[in-house]
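Heads up, the thing below is written out as structure tokens.
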Amino acid sequence: MSKSLVLIWKLLRSHVSILELAIFFIANLIGMTVVLSGVQIYSDLKPILTGEQSFIGNDYLVVTHPVERVGVNTEVFSEADIAALEQLECVSGVGSFAASQFEVDGSIMFNGRKLSTMLFFESVPDEFIDVETKAWRYAVGDDTIPIILPRNYLNLYNFGFSNTQGLPQITEDMIKSVTLGLRLTGNGHTDNFEGRIVGFSDRINTILVPELFLSWANDRYAGVNVVYPTRLIVEVANPSEPELVNFLEEHNYEVENKPAESSKALFILNVCVAIIIAIGLIFCVLSIIILTLSIYLLLQKNIHKLENLVLIGYTPRRVATPYKTMALVLNLSTFAISLLLIYIAEEHYMGYLAEMVGQPLASSPTAAMITGVVFTAVVILFNFFIINRKIAEISRKND
């Protein structure tokens, strides 16, 4: 800083209120820290909820055509329909349900009583199944068919049917040990198989068998080589994505199951971050108002000194420099301390989250830094505008 600027600062600083500047600094520090914390928390948590690091995982929607008239078969999905879904950015994958086209009779001996019923089978690609088991395999010629049941079937039996029929409740391990008798009929063939329940699905509400078996069985018992799907299973990161919602509405598709945890968690995260940022912005606005009033009051107290400086030849720009320097130092200090506080806090909560999800988590302060730079730049420019405007008014009065 030149000697003339030092002399100007010594002349003007007598009316600087340390208390007013301290109030501005603290209010701006709180506001800046809260705003940047909200941005950083959102940046850190969103990948954990919906990205590749997600411990919740994607959601799976079952999409169908609506049933509009009784006695009319549901419309099937064409390859073009599937391709259109796959082209959506929010869609990670699309799988087709294949249904059995033949008669299936199932029976089981339980507690000395034979229970018989007609069944149906469906299959989906293995990557859409949420049951991990080595027993999920089939080769043509095998007499045993692995089966996956919806978990709610077991719940309906235990908490509904068994109570009314005087039957004992059963566990998952117990039902896995039971052999299910299956008789498949159609196209002039009748064969008996054993069915083994190898798992229970929370995702898909149907009786699942391996794709290879169902393809072979449809060919043998129904003479059908290709089964066009009436249902699709769609993997999406966010079921509430406007692009997906609009697509489903435009094509008049129905969704059987509701969005799961990730979309709800993301919605809660968005709301919480919005509240945090709003609170931070309130503090920042209050701090800007305090600084604006302080600058106006400071300039008003020094108005005679400023007028004299202008009269003896100092340019408005040189006279305004000490005030601009003060505003610059205060705002940059606030930004630097805010980033330091956020870095310390992030080290603690990211470590805690990594332990909770059982995997290392990557984080980057880029979002908070960019937001802080932009916000600080806007505040500094606003301060400069106020100072220049006031000094210009003083200068015009003395022209």
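Identifiers in this document derive from the order of the structure tokens: chains are assigned A, B, ..., residues are numbered from 1 separately in each chain, and ligands are numbered from 1 in order of occurrence.
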Q: Would you mind listing what lies within 10 Å of Phe120 of chain A as a list in words, with only C-alpha atoms counted and same-chain residues fewer than 4 positions away left out?
A: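 Near neighbours after the sequence-gap exclusion: Ala99, Ser100, Gln101, Phe102, Glu103, Val104, Asp105, Gly106, Thr206, Ile207, Leu208 and Val209 of chain A.
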Q. Using only C-alpha atoms, which residues sit within 8 Å of Leu29 of chain A once same-chain residues fewer than 2 positions away are excluded, as a PyMOL selection string?
A. chain A and resi 25-27+31-33+334-335+337-338
Q.
Need the shell around segment 181-187 of chain A: protein/DNA/RNA residues with any atom at most 9 Å away, counting only C-alpha atoms. Skip same-chain ones fewer than 3 positions apart. Format as a VMD selection string?
A. chain A and resid 101 to 109 190 to 195 217 220 to 223
Q) What residues in segment 31-178 of chain A get the DSSP label strand (DSSP E or B)? Please answer as JSON, numbers by chain. A) {"A": [59, 60, 61, 62, 63, 64, 91, 92, 93, 94, 95, 96, 98, 99, 103, 104, 105, 106, 107, 108, 109, 110, 113, 114, 115, 116, 117, 118, 119, 122, 123, 144, 145, 146, 147, 148, 149, 150]}
Selected residues, N, CA and C atoms, written as a tab-separated table (two decimals), in the first residue's frame, please.
chain	number	residue	atom	x	y	z
A	59	ASP	N	-33.95	-47.98	-7.49
A	59	ASP	CA	-35.32	-48.47	-7.34
A	59	ASP	C	-35.71	-49.28	-8.58
A	60	TYR	N	-36.66	-50.17	-8.39
A	60	TYR	CA	-37.13	-51.03	-9.48
A	60	TYR	C	-38.64	-50.86	-9.60
A	61	LEU	N	-39.06	-50.42	-10.77
A	61	LEU	CA	-40.47	-50.20	-11.03
A	61	LEU	C	-40.99	-51.26	-11.99
A	62	VAL	N	-42.17	-51.79	-11.72
A	62	VAL	CA	-42.83	-52.73	-12.62
A	62	VAL	C	-43.86	-51.95	-13.42
A	63	VAL	N	-43.65	-51.89	-14.74
A	63	VAL	CA	-44.46	-51.07	-15.62
A	63	VAL	C	-45.39	-51.96	-16.44
A	64	THR	N	-46.66	-51.58	-16.53
A	64	THR	CA	-47.65	-52.35	-17.29
A	64	THR	C	-48.54	-51.39	-18.09
A	91	VAL	N	-32.89	-44.10	-16.63
A	91	VAL	CA	-33.12	-45.54	-16.61
A	91	VAL	C	-31.80	-46.28	-16.75
A	92	SER	N	-31.52	-47.16	-15.79
A	92	SER	CA	-30.27	-47.94	-15.81
A	92	SER	C	-30.43	-49.26	-16.55
A	93	GLY	N	-31.63	-49.79	-16.61
A	93	GLY	CA	-31.85	-51.06	-17.28
A	93	GLY	C	-33.33	-51.40	-17.35
A	94	VAL	N	-33.68	-52.20	-18.35
A	94	VAL	CA	-35.07	-52.65	-18.53
A	94	VAL	C	-35.07	-54.15	-18.74
A	95	GLY	N	-35.89	-54.86	-18.00
A	95	GLY	CA	-36.04	-56.30	-18.14
A	95	GLY	C	-37.48	-56.67	-18.46
A	96	SER	N	-37.67	-57.75	-19.17
A	96	SER	CA	-39.01	-58.20	-19.57
A	96	SER	C	-39.45	-59.38	-18.72
A	98	ALA	N	-41.46	-62.76	-18.58
A	98	ALA	CA	-42.00	-63.81	-19.43
A	98	ALA	C	-42.93	-64.67	-18.58
A	99	ALA	N	-44.10	-65.00	-19.09
A	99	ALA	CA	-45.10	-65.74	-18.32
A	99	ALA	C	-45.28	-67.13	-18.89
A	103	GLU	N	-50.47	-75.10	-18.31
A	103	GLU	CA	-51.09	-75.35	-17.00
A	103	GLU	C	-50.05	-75.85	-16.01
A	104	VAL	N	-50.13	-75.33	-14.80
A	104	VAL	CA	-49.23	-75.76	-13.72
A	104	VAL	C	-50.08	-76.09	-12.51
A	105	ASP	N	-49.97	-77.32	-12.03
A	105	ASP	CA	-50.63	-77.74	-10.80
A	105	ASP	C	-49.57	-78.00	-9.75
A	106	GLY	N	-49.72	-77.38	-8.58
A	106	GLY	CA	-48.77	-77.57	-7.49
A	106	GLY	C	-49.42	-78.20	-6.29
A	107	SER	N	-48.65	-79.04	-5.59
A	107	SER	CA	-49.18	-79.69	-4.38
A	107	SER	C	-48.06	-79.82	-3.35
A	108	ILE	N	-48.46	-79.85	-2.09
A	108	ILE	CA	-47.50	-79.97	-1.01
A	108	ILE	C	-48.15	-80.70	0.15
A	109	MET	N	-47.39	-81.58	0.79
A	109	MET	CA	-47.85	-82.27	1.99
A	109	MET	C	-47.37	-81.47	3.20
A	110	PHE	N	-48.35	-81.03	4.01
A	110	PHE	CA	-47.98	-80.21	5.14
A	110	PHE	C	-48.85	-80.56	6.33
A	113	ARG	N	-51.62	-82.97	5.72
A	113	ARG	CA	-52.67	-82.58	4.79
A	113	ARG	C	-52.04	-82.19	3.46
A	114	LYS	N	-52.71	-82.58	2.38
A	114	LYS	CA	-52.23	-82.24	1.05
A	114	LYS	C	-52.91	-80.97	0.58
A	115	LEU	N	-52.09	-79.99	0.27
A	115	LEU	CA	-52.60	-78.73	-0.23
A	115	LEU	C	-52.28	-78.65	-1.71
A	116	SER	N	-53.30	-78.42	-2.53
A	116	SER	CA	-53.12	-78.36	-3.99
A	116	SER	C	-53.69	-77.06	-4.52
A	117	THR	N	-53.09	-76.56	-5.58
A	117	THR	CA	-53.57	-75.34	-6.20
A	117	THR	C	-53.01	-75.22	-7.62
A	118	MET	N	-53.66	-74.41	-8.42
A	118	MET	CA	-53.12	-74.08	-9.73
A	118	MET	C	-52.12	-72.92	-9.57
A	119	LEU	N	-51.04	-72.99	-10.31
A	119	LEU	CA	-49.98	-72.01	-10.21
A	119	LEU	C	-49.70	-71.37	-11.57
A	122	GLU	N	-43.41	-67.03	-13.79
A	122	GLU	CA	-42.86	-65.93	-14.58
A	122	GLU	C	-41.35	-65.93	-14.39
A	123	SER	N	-40.68	-65.27	-15.31
A	123	SER	CA	-39.22	-65.14	-15.20
A	123	SER	C	-38.81	-63.74	-15.61
A	144	THR	N	-35.58	-80.96	-10.98
A	144	THR	CA	-35.86	-80.01	-9.90
A	144	THR	C	-35.82	-78.58	-10.45
A	145	ILE	N	-36.86	-77.82	-10.10
A	145	ILE	CA	-36.98	-76.44	-10.58
A	145	ILE	C	-36.80	-75.49	-9.40
A	146	PRO	N	-35.79	-74.63	-9.43
A	146	PRO	CA	-35.66	-73.63	-8.35
A	146	PRO	C	-36.74	-72.56	-8.49
A	147	ILE	N	-37.29	-72.14	-7.36
A	147	ILE	CA	-38.39	-71.18	-7.35
A	147	ILE	C	-38.08	-70.08	-6.34
A	148	ILE	N	-38.41	-68.85	-6.71
A	148	ILE	CA	-38.33	-67.72	-5.79
A	148	ILE	C	-39.74	-67.18	-5.58
A	149	LEU	N	-40.13	-67.06	-4.32
A	149	LEU	CA	-41.46	-66.56	-3.97
A	149	LEU	C	-41.38	-65.13	-3.44
A	150	PRO	N	-42.44	-64.35	-3.59
A	150	PRO	CA	-42.49	-63.05	-2.93
A	150	PRO	C	-42.55	-63.25	-1.41
